[in-house]
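Have a look at the structure below, then the notes.
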Amino acid sequence: MTETLQSKRVAILAADGVERVELEQPREALERAGAQTEVLSIHDGEIKARKNDLDEAGTFTVDRLIADASVGDYDALLLPGGTVNPDQLRVDKDAVSFVRDFVESGKPVAAICHGPWTLIEAGVATGRTLTSFPSIRTDLRNAGANVVDQEVAVDKNLITSRSPEDLPAFSEAIVSQLAGSTTKEEETS
């Protein structure tokens, strides 16, 4: 399985307050499958991670600013949660535009826990079947999404999950979707 995602590049969009395990475990699964990952953020240096939103949990090095990134540079996008992280991303115009463009490209976009907040802000939740942490399901419904309560929901190129307890299934779904993914350009060729 280590060669499954060879030559695939995955952007991980995160900011301070990211839930550590929601970035770390999917990243490890992707890298074990051969993908290269890159942490994008709204500021350079390092982002502060959290455990259960409250406890400090170290840092992650930022590889690239979101303002300098292009959807064309990546094959998939990961949006980890934590409450503070997506709350910061959804008010950053570069982050919101990147997420919108990524979803519209047809490439896989995976969001867990509170990560779908950024999907809402990007205007890409309408008509999609999504799951999330229970506290933001009303936000998803208000944005026009069909909300389900299951460990992973896959709707075309969107992969969503509820919480850290669902990380094994979420990570498996990301690797699986990326291994079989095609972009809109590839579908029309």
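By order of appearance in the structure tokens: chains A, B, ..., then residues from 1 within every chain, and ligands from 1 in the order shown.
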
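Summary of the local environment: counting only C-alpha atoms, residues at most 12 Å from Thr37 (chain A), other than itself and those fewer than 5 positions away along its chain, are Leu5, Gln6, Ser7, Lys8, Arg9, Val10, Ala11, Ile12, Leu13, Leu23, Glu24, Pro26, Arg27, Glu28, Ala29, Leu30, Glu31, Arg32, Thr61, Val62, Asp63, Arg64, Asp73, Tyr74, Asp75, Ala76, Leu77 and Leu78 of chain A.
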
>> Please return, as a ChimeraX atom specification, all residues of region 10-178 of chain A that DSSP assigns to alpha helix (DSSP H) on the basis of the backbone.
In response: /A:20-32,84-89,93-105,116-121,137-142,167-178

> Near Leu79 (chain A), within 7 Å and counting only C-alpha atoms, which residues show up once chain neighbours fewer than 6 positions away are dropped, as a VMD selection string?
Replying inline: chain A and resid 12 to 14 110 to 112 115

>> Please report the interatomic distance between CA of Glu19 (chain A) and CA of Val103 (chain A) in Å with one decimal.
In response: 22.3 Å

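Each of A:Glu121, A:Asp166, A:Asp94, A:Asp101 was checked against Phe133 (chain A) using only C-alpha atoms; the smallest atom-to-atom distance is that of A:Asp166.
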
> If you count only C-alpha atoms, which residues fall within 10 Å of Gly180 (chain A), apart from same-chain ones fewer than 5 positions away, as a ChimeraX atom specification?
Replying inline: /A:4-5,108,175

>> Excluding Ile120 (chain A) and its own-chain neighbours fewer than 2 positions away, which residues fall within 12 Å of it when counting only C-alpha atoms? Please give them as a PyMOL selection string.
In response: chain A and resi 86-87+89-91+96-97+99-100+103+111+114-118+122-128+130+132+136-145

> Between A:Ala179, A:Val109, A:Ser161, A:Asp68, which has the minimum distance to Asp44 (chain A) (counting only C-alpha atoms)?
Replying inline: A:Asp68

> What is the CA of Gly72 (chain A) to CA of Cys113 (chain A) distance in Å?
Replying inline: 26.0 Å

> Which of these residues is nearest to Asp149 (chain A), using only C-alpha atoms: A:Pro134, A:Asn85, A:Gly58, A:Asp92?
Replying inline: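 Between A:Pro134, A:Asn85, A:Gly58, A:Asp92, the residue approaching Asp149 (chain A) most closely is A:Pro134.
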
> Which of region 24-78 of chain A counts as strand (DSSP E) under DSSP, as a list of chain:residue names please?
Replying inline: A:Gln36, A:Thr37, A:Glu38, A:Val39, A:Leu40, A:Ser41, A:Glu46, A:Ile47, A:Lys48, A:Ala49, A:Arg50, A:Lys51, A:Asp55, A:Glu56, A:Ala57, A:Gly58, A:Thr59, A:Phe60, A:Thr61, A:Arg64, A:Leu65, A:Ala76, A:Leu77, A:Leu78

Limited to N, CA and C atoms, could you put the picked residues into a file as a PDB file, in the first residue's frame?
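Written file, out-v7.pdb:
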ATOM      1  N   GLN A  36       2.720  13.060  -0.516  1.00  0.00           N
ATOM      2  CA  GLN A  36       3.457  14.143   0.117  1.00  0.00           C
ATOM      3  C   GLN A  36       2.429  15.108   0.689  1.00  0.00           C
ATOM      4  N   THR A  37       2.659  15.586   1.898  1.00  0.00           N
ATOM      5  CA  THR A  37       1.728  16.531   2.511  1.00  0.00           C
ATOM      6  C   THR A  37       2.433  17.856   2.778  1.00  0.00           C
ATOM      7  N   GLU A  38       1.639  18.909   2.784  1.00  0.00           N
ATOM      8  CA  GLU A  38       2.165  20.238   3.039  1.00  0.00           C
ATOM      9  C   GLU A  38       1.153  21.000   3.886  1.00  0.00           C
ATOM     10  N   VAL A  39       1.607  21.577   4.998  1.00  0.00           N
ATOM     11  CA  VAL A  39       0.732  22.368   5.860  1.00  0.00           C
ATOM     12  C   VAL A  39       0.691  23.802   5.341  1.00  0.00           C
ATOM     13  N   LEU A  40      -0.513  24.247   5.012  1.00  0.00           N
ATOM     14  CA  LEU A  40      -0.747  25.622   4.576  1.00  0.00           C
ATOM     15  C   LEU A  40      -1.441  26.358   5.708  1.00  0.00           C
ATOM     16  N   SER A  41      -1.142  27.641   5.866  1.00  0.00           N
ATOM     17  CA  SER A  41      -1.815  28.406   6.908  1.00  0.00           C
ATOM     18  C   SER A  41      -1.932  29.871   6.511  1.00  0.00           C
ATOM     19  N   GLU A  46       4.919  28.677  12.744  1.00  0.00           N
ATOM     20  CA  GLU A  46       4.293  27.496  13.315  1.00  0.00           C
ATOM     21  C   GLU A  46       2.854  27.814  13.699  1.00  0.00           C
ATOM     22  N   ILE A  47       2.026  26.766  13.708  1.00  0.00           N
ATOM     23  CA  ILE A  47       0.670  26.909  14.223  1.00  0.00           C
ATOM     24  C   ILE A  47       0.573  26.093  15.504  1.00  0.00           C
ATOM     25  N   LYS A  48      -0.201  26.607  16.443  1.00  0.00           N
ATOM     26  CA  LYS A  48      -0.363  25.954  17.739  1.00  0.00           C
ATOM     27  C   LYS A  48      -1.486  24.941  17.678  1.00  0.00           C
ATOM     28  N   ALA A  49      -1.181  23.719  18.096  1.00  0.00           N
ATOM     29  CA  ALA A  49      -2.168  22.641  18.123  1.00  0.00           C
ATOM     30  C   ALA A  49      -2.802  22.558  19.510  1.00  0.00           C
ATOM     31  N   ARG A  50      -3.984  21.945  19.546  1.00  0.00           N
ATOM     32  CA  ARG A  50      -4.721  21.761  20.791  1.00  0.00           C
ATOM     33  C   ARG A  50      -5.160  20.306  20.918  1.00  0.00           C
ATOM     34  N   LYS A  51      -5.470  19.926  22.137  1.00  0.00           N
ATOM     35  CA  LYS A  51      -6.080  18.622  22.411  1.00  0.00           C
ATOM     36  C   LYS A  51      -7.412  18.918  23.082  1.00  0.00           C
ATOM     37  N   ASP A  55      -6.427  22.016  25.785  1.00  0.00           N
ATOM     38  CA  ASP A  55      -5.053  21.789  26.224  1.00  0.00           C
ATOM     39  C   ASP A  55      -4.059  22.015  25.098  1.00  0.00           C
ATOM     40  N   GLU A  56      -2.948  22.678  25.421  1.00  0.00           N
ATOM     41  CA  GLU A  56      -1.889  22.875  24.439  1.00  0.00           C
ATOM     42  C   GLU A  56      -1.360  21.511  24.006  1.00  0.00           C
ATOM     43  N   ALA A  57      -1.066  21.380  22.717  1.00  0.00           N
ATOM     44  CA  ALA A  57      -0.602  20.090  22.192  1.00  0.00           C
ATOM     45  C   ALA A  57       0.519  20.274  21.171  1.00  0.00           C
ATOM     46  N   GLY A  58       1.424  21.184  21.441  1.00  0.00           N
ATOM     47  CA  GLY A  58       2.574  21.376  20.560  1.00  0.00           C
ATOM     48  C   GLY A  58       2.257  22.253  19.366  1.00  0.00           C
ATOM     49  N   THR A  59       3.122  22.136  18.361  1.00  0.00           N
ATOM     50  CA  THR A  59       2.989  22.974  17.162  1.00  0.00           C
ATOM     51  C   THR A  59       3.233  22.143  15.904  1.00  0.00           C
ATOM     52  N   PHE A  60       2.828  22.723  14.783  1.00  0.00           N
ATOM     53  CA  PHE A  60       3.143  22.185  13.460  1.00  0.00           C
ATOM     54  C   PHE A  60       3.830  23.298  12.668  1.00  0.00           C
ATOM     55  N   THR A  61       4.838  22.942  11.906  1.00  0.00           N
ATOM     56  CA  THR A  61       5.520  23.906  11.044  1.00  0.00           C
ATOM     57  C   THR A  61       4.667  24.184   9.818  1.00  0.00           C
ATOM     58  N   ARG A  64       3.784  26.567   3.866  1.00  0.00           N
ATOM     59  CA  ARG A  64       3.475  27.558   2.834  1.00  0.00           C
ATOM     60  C   ARG A  64       2.282  28.401   3.283  1.00  0.00           C
ATOM     61  N   LEU A  65       2.285  29.651   2.925  1.00  0.00           N
ATOM     62  CA  LEU A  65       1.137  30.518   3.187  1.00  0.00           C
ATOM     63  C   LEU A  65       0.027  30.204   2.194  1.00  0.00           C
ATOM     64  N   ALA A  76      -5.326  16.865  -3.382  1.00  0.00           N
ATOM     65  CA  ALA A  76      -6.394  16.765  -2.386  1.00  0.00           C
ATOM     66  C   ALA A  76      -6.166  17.820  -1.319  1.00  0.00           C
ATOM     67  N   LEU A  77      -7.237  18.067  -0.541  1.00  0.00           N
ATOM     68  CA  LEU A  77      -7.200  19.056   0.530  1.00  0.00           C
ATOM     69  C   LEU A  77      -7.767  18.434   1.798  1.00  0.00           C
ATOM     70  N   LEU A  78      -7.082  18.624   2.920  1.00  0.00           N
ATOM     71  CA  LEU A  78      -7.539  18.166   4.229  1.00  0.00           C
ATOM     72  C   LEU A  78      -7.824  19.377   5.097  1.00  0.00           C
TER      73      LEU A  78
END

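Take CA of Glu104 (chain A) and CA of Arg20 (chain A): the distance between them is 27.5 Å.
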
>> Give me, as an MDAnalysis selection string, all polymer residues having an atom no more than 10 Å from Ala173 (chain A), counting only C-alpha atoms and skipping those fewer than 3 positions away in the same chain.
In response: chainID A and resid 26 110 152:154 159:161 167:170 176:179

Take the selection from the previous step and output its residues with N, CA and C atoms, as a PDB file, in the first residue's frame.
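What ended up in result-v4.pdb:
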ATOM      1  N   PRO A  26      -4.649  11.689   9.877  1.00  0.00           N
ATOM      2  CA  PRO A  26      -4.845  11.595   8.424  1.00  0.00           C
ATOM      3  C   PRO A  26      -3.535  11.848   7.658  1.00  0.00           C
ATOM      4  N   ALA A 110     -11.397  16.772   2.219  1.00  0.00           N
ATOM      5  CA  ALA A 110     -11.802  16.047   3.423  1.00  0.00           C
ATOM      6  C   ALA A 110     -11.832  16.990   4.616  1.00  0.00           C
ATOM      7  N   VAL A 152     -18.331   8.516   8.476  1.00  0.00           N
ATOM      8  CA  VAL A 152     -17.807   9.164   7.278  1.00  0.00           C
ATOM      9  C   VAL A 152     -18.945   9.327   6.275  1.00  0.00           C
ATOM     10  N   ALA A 153     -19.036  10.501   5.679  1.00  0.00           N
ATOM     11  CA  ALA A 153     -19.974  10.738   4.584  1.00  0.00           C
ATOM     12  C   ALA A 153     -19.155  11.133   3.367  1.00  0.00           C
ATOM     13  N   VAL A 154     -19.383  10.454   2.249  1.00  0.00           N
ATOM     14  CA  VAL A 154     -18.698  10.785   1.002  1.00  0.00           C
ATOM     15  C   VAL A 154     -19.754  11.203  -0.006  1.00  0.00           C
ATOM     16  N   ILE A 159     -15.490  14.586   1.520  1.00  0.00           N
ATOM     17  CA  ILE A 159     -15.393  13.526   2.524  1.00  0.00           C
ATOM     18  C   ILE A 159     -15.477  14.228   3.875  1.00  0.00           C
ATOM     19  N   THR A 160     -16.482  13.883   4.681  1.00  0.00           N
ATOM     20  CA  THR A 160     -16.604  14.516   5.992  1.00  0.00           C
ATOM     21  C   THR A 160     -16.734  13.458   7.079  1.00  0.00           C
ATOM     22  N   SER A 161     -16.360  13.868   8.292  1.00  0.00           N
ATOM     23  CA  SER A 161     -16.401  12.964   9.424  1.00  0.00           C
ATOM     24  C   SER A 161     -16.724  13.746  10.685  1.00  0.00           C
ATOM     25  N   LEU A 167     -11.538   8.879  13.270  1.00  0.00           N
ATOM     26  CA  LEU A 167     -10.320   9.076  12.477  1.00  0.00           C
ATOM     27  C   LEU A 167      -9.868   7.860  11.668  1.00  0.00           C
ATOM     28  N   PRO A 168      -9.931   6.623  12.192  1.00  0.00           N
ATOM     29  CA  PRO A 168      -9.511   5.499  11.345  1.00  0.00           C
ATOM     30  C   PRO A 168     -10.330   5.392  10.051  1.00  0.00           C
ATOM     31  N   ALA A 169     -11.647   5.498  10.153  1.00  0.00           N
ATOM     32  CA  ALA A 169     -12.495   5.417   8.963  1.00  0.00           C
ATOM     33  C   ALA A 169     -12.302   6.632   8.064  1.00  0.00           C
ATOM     34  N   PHE A 170     -12.143   7.812   8.652  1.00  0.00           N
ATOM     35  CA  PHE A 170     -11.916   9.046   7.897  1.00  0.00           C
ATOM     36  C   PHE A 170     -10.614   8.962   7.112  1.00  0.00           C
ATOM     37  N   SER A 176      -8.479   6.203   0.145  1.00  0.00           N
ATOM     38  CA  SER A 176      -9.241   5.505  -0.887  1.00  0.00           C
ATOM     39  C   SER A 176      -9.734   6.456  -1.971  1.00  0.00           C
ATOM     40  N   GLN A 177     -10.300   7.576  -1.564  1.00  0.00           N
ATOM     41  CA  GLN A 177     -10.819   8.539  -2.544  1.00  0.00           C
ATOM     42  C   GLN A 177      -9.688   9.137  -3.374  1.00  0.00           C
ATOM     43  N   LEU A 178      -8.578   9.458  -2.746  1.00  0.00           N
ATOM     44  CA  LEU A 178      -7.462  10.039  -3.479  1.00  0.00           C
ATOM     45  C   LEU A 178      -6.851   9.021  -4.439  1.00  0.00           C
ATOM     46  N   ALA A 179      -6.812   7.774  -4.047  1.00  0.00           N
ATOM     47  CA  ALA A 179      -6.260   6.728  -4.916  1.00  0.00           C
ATOM     48  C   ALA A 179      -7.091   6.559  -6.174  1.00  0.00           C
TER      49      ALA A 179
END

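The nearest approach to Asp16 (chain A) among the residues A:Ala35, A:Leu54, A:Val84, A:Val147, with only C-alpha atoms taken into account, belongs to A:Val84.
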